2 protein chains.
Amino acid sequence: MNQKRIVKPEAISGFAEYSPQVQLIAQKYLDRIRKIYELYGFTPIETPIVERLEVLLSKGGDTDKEMYTLKRLHAEEDEQERFGLHYDLTVPFARYVAQHFSVLSFPFKRYQIQDCWRGERPQEGRYRQFRQCDIDIVALDNLPLQFDADVPIIIMEVLSALGLSEVEFRISNRNVLNSYLKALGVERVQEATRLLDKLEKIGVQAVSEQLQQVGLNPKQVQGALAIAAIKCKDLSFEDRVKELGVQSEELDQALSDLKFVAEQCFKSSDAFVVDLSVTRGFDYYTGSVYEVRWLKYPELGSIAGGGRYDDLASTYINKNLPGVGMSVGFTRIFGKLVKDELLDLDRLVPTKVLIGRMDPENSEKAFDIAKILRGRGIPCEVYWQADKFKKQLQYANKKQIPFFVIDTDLEIKNLETGEQTGFDPETWEG
Amino acid sequence: MNQKRIVKPEAISGFAEYSPQVQLIAQKYLDRIRKIYELYGFTPIETPIVERLEVLLSKGGDTDKEMYTLKRLHAEEDEQERFGLHYDLTVPFARYVAQHFSVLSFPFKRYQIQDCWRGERPQEGRYRQFRQCDIDIVALDNLPLQFDADVPIIIMEVLSALGLSEVEFRISNRNVLNSYLKALGVERVQEATRLLDKLEKIGVQAVSEQLQQVGLNPKQVQGALAIAAIKCKDLSFEDRVKELGVQSEELDQALSDLKFVAEQCFKSSDAFVVDLSVTRGFDYYTGSVYEVRWLKYPELGSIAGGGRYDDLASTYINKNLPGVGMSVGFTRIFGKLVKDELLDLDRLVPTKVLIGRMDPENSEKAFDIAKILRGRGIPCEVYWQADKFKKQLQYANKKQIPFFVIDTDLEIKNLETGEQTGFDPETWEG
């Protein structure tokens, strides 16, 4: 062996990497998510990890500070970085829809499960590489309201499939707050809603002061705080808003839309709650908004979120493309499950049956058994040589392979219970 | 809508991106590969897209020229790039095994399906981002020869599952060529084998000249060319080598090892061929070598390859870790299937049934039907509102959804054949 300097193999902070045992579960969870998305008719897309910088920067905002660019290790001196890693799946999706517009059929329902990257300082629940599981439904010109109800219901099904309990799935419609503030005579509505979104973070006192700073009079502040405090697990929000004594056609429409969505959500899971303070910060949401908290772990912030937007892709194409979508923060959720040891680490390998070999002359039979089992979708391994029974059993135990069968035998042994039964590879069910 | 500058949405050369219809097939193919790997007991691992530069560079070679590094868009002036995108899955795997050594159980069988990146000039079959599907079996101290037969057989099963025909799966054992040349008195064996590996590329004449340049006398050149010309679809290679009149214990062992592997390969598929000129360039292969050509598309070069190595991870850990593995170039293969329109683009969406809605009062029933179908694993969509029959049918046709059922009805319509039959969501089989 050559003399080599030893390079220490270490984790890179902000980039999660799991043991094989944990990775098996991650895979299982991701499969469940995909399966649910497909059961609802969403089609997968995948985009490269990079986008042109002009695409990534066209959204504006402050994400550019955390963006990674690609640079060749031996780049020429004047070589400019032209590509950056995507920091979410919305920007690549918008570019994708514009670019492939002619082959898409609308309403277009896509799911996208991919990593994203942000060069921020890692901390609990914050990663530099993190997997997002997004769905969006994008229509040409008109997007039926039904989709605003479908999306959160599907996402809640996903969270249940991951085994998450104590989830609070907050829904609202931005227009309720907006039109209410407008009807109340507030001028800087956008700034006011953005402040109300911070209620949980900075408290009533601070929000109240800052609302005055953006020009709300005491009555308006009181009204804003009153509507933002409305939170309920039934349809009473409509009456409660009306009791505040403000009215407009726009407000009525927004309340009716939210009612349409909330009614279906409430029917599908008791995790849902209407919370009129939710606005999801970003200005591009224009109707329904969703935000999910994991009540056990408030420090994680939002584990899934999204909403309706009027304009997906006008940066790239002269088409009117409204949509509604949500994103699930898989790495954030899964990282917590790993850290708090909430995973059921039942398996070390996919293998269900180890086929042992006693007689070197008789190996054919072992391979035949394996072939039959694999043909039936049952993962198995053939021990790599004829050997002592004990050694082969040791291997099965070490790998937590649950069943053991011997080529010369027609019996199968359950290694957990010790039970031994007759075995026919064509019919065995495990 | 705001006035915006239009950013042109364009493909980035060297980064593949597919339409949803093609992506659905890519997904299906990748699932098949995963499934096969798991049926043979391989466990998945995933590593971050980046490794420390010292890890990526420790392998040496000329890959560093094509390596991408990550740089924050607003990096400080003196901020050094410390991470690079991995250019294969072997380097990350070696680092992974060393880093997680204490929780791994050997022989460790892993699969890894991930993208890799190289900053090279894109051309047909060459991508800057490309997906590799790797398997490796790594043992502590001793690696049984059986695994050298398992790996190519599994990979051939994968290639068949992708529907590839006219595949030539070349196998050899580097020690056959090495020990033969040594017994022939050749001094610069490594250089000679590297030249023989180029036979197909540059021809007998050029190789012959270059062999002389590295010090082989005419008799040695003749012998080298004679053994490298041995190619057969049966076990005759052993006799043919022996007929060349050179002998050594090492050569006998190498031939016996190759025979052990070849015998099993031949039994499993007629794509296999023993080709003694194959050495796979890289110096770290030390025994079995594999290289797969797609005969229809020689310009693609190798579509899968690998071999046995003695030393996976001594750069990182003071352990003796021999292994054997192969890598399938998924993007290269799939790209060709797309380009030559060899895919069976049967579906536009995963949806199998569209549940139409006629009566606004009766929507519950549509959702109930959907729930039952989804519970049975059948992807379906509910039309988003009660509407004219014709409009709903149009949507189903546009999306190529094969079956259509109406909430108020207990009939299902096959949209391809026009056939209409009774429908019970609990038992319908499609």
# chains A, B, ... in the order shown; residues from 1 in each chain; ligands from 1
>>> select_by_dssp(residues="range 73-263 of chain A", states="strand (DSSP E or B)", output="PyMOL selection string")
chain A and resi 83-85+108-117+123+126+129-138+167-173+231-232
>>> residues_around(residues="Gln123 in chain A", least_positions_apart="5", cutoff="10 Å", atoms="only C-alpha atoms", output="JSON, numbers by chain")
{"A": [13, 14, 128]}
>>> interface_residues(of="chain B", to="chain A", cutoff="6 Å", atoms="only C-alpha atoms", output="MDAnalysis selection string")
chainID B and resid 6:9 17 20 38:41 43 45 47 65 67:74 95 99 146 315:316 349:351 374 379:381 384
>>> closest_residue(among="B:Ile355, B:Ile372, B:Ile154, B:Leu162", to="Phe404 in chain B", atoms="only C-alpha atoms")
B:Ile355
>>> select_by_dssp(residues="range 14-76 of chain A", states="alpha helix (DSSP H)", output="list in words")
Pro20, Gln21, Val22, Gln23, Leu24, Ile25, Ala26, Gln27, Lys28, Tyr29, Leu30, Asp31, Arg32, Ile33, Arg34, Lys35, Ile36, Tyr37, Glu38, Leu39, Leu53, Glu54, Val55, Leu56 and Leu57 of chain A
>>> atom_distance(atom1="CA of Val186 in chain A", atom2="CA of Asn217 in chain A")
8.6 Å
>>> residues_around(residues="Tyr29 in chain B", least_positions_apart="5", cutoff="12 Å", atoms="only C-alpha atoms", output="ChimeraX atom specification")
/B:22-24,34-36,113,133,158-164,330-331,333-334,337,343-344
